[in-house]
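Peer 1: Here it is, the structure, as structure tokens.
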Amino acid sequence: MVAYNIDIISEKLIDVVIRRAVGFKIRNFKIKASSSAFEQIVLRAIESTSKYLVNKSGMQLYCNICGKGPYTRKGMYLHLLRTHKYEIKNMIKEDLRELELAS
Ligand SMILES: [Zn+2]
């Protein structure tokens with residue numbers, strides 16, 4: 001897979017990863033991957049990146065990147081999307097690269 005593809009895929013996954021991190025439902029998400037092996041890599045990257053983003057302290061949500069909070073789920077979603085969009089994209093890219101190299 002070329003770096004160009006990883007960049008495009010990461011961009012498309014930002015919203016999915018943030019939704020997953022705050023516990024929103026993910027609707028109409030389909031991966032158009034060239035192989036089922038790569039599909040698995042994408043799913044694993046979504047899991048590992050989304051786990052890192054939010055620090056859940058009881059019912060309160062805090063940003064794991066900058067420490068701000070507490071937020072509601074909606075507030076957390078908007079904070080991550082507005083403030084950390086490109087950091088999150090880079091995390092997804094890193095994860096995709098590592099998982100692909102390990103596969
Ligand atoms: Zn933050």
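If you're wondering about the labels, chains in the structure tokens are A, B, ... by order shown, residues count from 1 in each chain, ligands from 1 in order shown.
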Neighbours of ligand 1 at 10 Å or closer, counting only C-alpha atoms and all ligand atoms: which residues, as a CSV table (one decimal) with C-alpha atoms, in the first residue's frame?

Peer 2:
chain,number,residue,atom,x,y,z
A,53,LEU,CA,-8.4,9.5,23.0
A,54,VAL,CA,-10.8,9.7,26.0
A,62,TYR,CA,-11.6,14.1,29.7
A,63,CYS,CA,-9.4,14.7,26.7
A,64,ASN,CA,-6.5,12.3,26.8
A,65,ILE,CA,-4.5,14.5,24.3
A,66,CYS,CA,-4.6,17.8,26.2
A,67,GLY,CA,-6.2,16.9,29.5
A,68,LYS,CA,-9.2,19.3,29.2
A,69,GLY,CA,-12.6,18.4,30.5
A,76,MET,CA,-16.1,15.6,23.9
A,79,HIS,CA,-13.6,19.1,21.2
A,80,LEU,CA,-11.7,16.2,19.6
A,81,LEU,CA,-13.0,17.1,16.1
A,82,ARG,CA,-12.3,20.8,16.4
A,83,THR,CA,-9.1,20.8,18.3
A,84,HIS,CA,-7.3,17.5,17.6
A,85,LYS,CA,-8.5,16.5,14.1

Peer 1: Give the helix (DSSP H, G or I) residues of range 12-79 of chain A, as assigned by DSSP on the backbone, as a PyMOL selection string.

Peer 2: chain A and resi 12-22+36-53+73-79

Peer 1: Could you dump the residues just selected with C-alpha atoms as a compact mmCIF listing (two decimals), in the first residue's frame?

Peer 2:
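Output below, filename part-v7.txt:
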# COMPACT_ATOMS: atom_id res chain seq x y z
CA LYS A 12 -11.87 9.25 6.23
CA LEU A 13 -11.45 7.44 9.55
CA ILE A 14 -11.13 10.55 11.77
CA ASP A 15 -14.87 10.89 12.38
CA VAL A 16 -15.36 7.16 12.90
CA VAL A 17 -12.53 6.99 15.43
CA ILE A 18 -13.84 10.02 17.40
CA ARG A 19 -17.40 8.65 17.43
CA ARG A 20 -16.11 5.32 18.67
CA ALA A 21 -14.01 7.04 21.36
CA VAL A 22 -16.99 8.92 22.85
CA SER A 36 -10.00 -8.65 3.94
CA ALA A 37 -6.54 -8.65 5.52
CA PHE A 38 -6.36 -4.91 5.06
CA GLU A 39 -9.93 -4.55 6.35
CA GLN A 40 -8.77 -6.18 9.59
CA ILE A 41 -5.87 -3.74 9.82
CA VAL A 42 -8.27 -0.80 9.42
CA LEU A 43 -10.59 -2.15 12.13
CA ARG A 44 -7.69 -2.68 14.52
CA ALA A 45 -6.39 0.83 13.88
CA ILE A 46 -9.87 2.23 14.69
CA GLU A 47 -9.92 0.25 17.94
CA SER A 48 -6.45 1.18 19.12
CA THR A 49 -6.67 4.88 18.24
CA SER A 50 -10.17 5.37 19.69
CA LYS A 51 -9.14 3.76 23.00
CA TYR A 52 -6.42 6.32 23.49
CA LEU A 53 -8.43 9.54 22.95
CA ARG A 73 -20.20 12.98 25.12
CA LYS A 74 -21.35 15.60 22.60
CA GLY A 75 -18.84 18.13 23.98
CA MET A 76 -16.06 15.58 23.89
CA TYR A 77 -16.89 14.70 20.30
CA LEU A 78 -16.81 18.38 19.25
CA HIS A 79 -13.59 19.09 21.18

Peer 1: Skip Ser10 in chain A itself and residues of its chain fewer than 5 positions away, then list as a list in words all residues within 7 Å of it, counting only C-alpha atoms.

Peer 2: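 Counting only the stated atoms, we get Lys89, Ile92 and Lys93 of chain A.
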
Peer 1: Keeping only C-alpha atoms, take the residues you just selected and write them out as a PDB file, in the first residue's frame.

Peer 2:
ATOM      1  CA  LYS A  89      -5.368  11.671  11.746  1.00  0.00           C
ATOM      2  CA  ILE A  92      -4.449   6.684  12.728  1.00  0.00           C
ATOM      3  CA  LYS A  93      -1.744   6.897  10.083  1.00  0.00           C
TER       4      LYS A  93
END

Peer 1: Please return, as a PDB file with N, CA and C atoms, in the first residue's frame, all residues of chain A that DSSP assigns to strand (DSSP E or B) on the basis of the backbone.

Peer 2:
ATOM      1  N   VAL A  54      -9.917   9.252  24.868  1.00  0.00           N
ATOM      2  CA  VAL A  54     -10.756   9.743  25.961  1.00  0.00           C
ATOM      3  C   VAL A  54     -10.394   9.058  27.272  1.00  0.00           C
ATOM      4  N   ASN A  55     -10.267   9.878  28.301  1.00  0.00           N
ATOM      5  CA  ASN A  55     -10.041   9.353  29.643  1.00  0.00           C
ATOM      6  C   ASN A  55     -11.374   9.394  30.379  1.00  0.00           C
ATOM      7  N   LYS A  56     -11.937   8.224  30.658  1.00  0.00           N
ATOM      8  CA  LYS A  56     -13.240   8.148  31.318  1.00  0.00           C
ATOM      9  C   LYS A  56     -13.025   8.010  32.810  1.00  0.00           C
ATOM     10  N   SER A  57     -13.418   9.072  33.521  1.00  0.00           N
ATOM     11  CA  SER A  57     -13.299   9.047  34.968  1.00  0.00           C
ATOM     12  C   SER A  57     -14.704   9.055  35.539  1.00  0.00           C
ATOM     13  N   GLN A  60     -17.513  11.161  33.879  1.00  0.00           N
ATOM     14  CA  GLN A  60     -16.887  12.328  33.270  1.00  0.00           C
ATOM     15  C   GLN A  60     -15.907  11.921  32.162  1.00  0.00           C
ATOM     16  N   LEU A  61     -15.891  12.729  31.117  1.00  0.00           N
ATOM     17  CA  LEU A  61     -14.973  12.472  30.012  1.00  0.00           C
ATOM     18  C   LEU A  61     -13.921  13.575  29.944  1.00  0.00           C
ATOM     19  N   TYR A  62     -12.671  13.161  29.862  1.00  0.00           N
ATOM     20  CA  TYR A  62     -11.560  14.110  29.722  1.00  0.00           C
ATOM     21  C   TYR A  62     -10.790  13.784  28.458  1.00  0.00           C
ATOM     22  N   CYS A  63     -10.234  14.841  27.857  1.00  0.00           N
ATOM     23  CA  CYS A  63      -9.430  14.656  26.662  1.00  0.00           C
ATOM     24  C   CYS A  63      -8.080  14.061  27.060  1.00  0.00           C
ATOM     25  N   TYR A  71     -16.131  16.797  29.896  1.00  0.00           N
ATOM     26  CA  TYR A  71     -17.056  17.049  28.802  1.00  0.00           C
ATOM     27  C   TYR A  71     -18.214  16.053  28.839  1.00  0.00           C
TER      28      TYR A  71
END

Peer 1: Choose the residue, out of A:Ile31, A:Thr72, A:Ile6, A:Met59, that has the smallest atom-to-atom separation from Glu100 in chain A; count only C-alpha atoms.

Peer 2: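 Closest to Glu100 in chain A, using only C-alpha atoms: A:Ile6.
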
Peer 1: What is the CA of Asn5 in chain A-CA of Leu101 in chain A distance in Å, reported with one decimal?

Peer 2: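 Distance reported for this atom pair: 14.9 Å.
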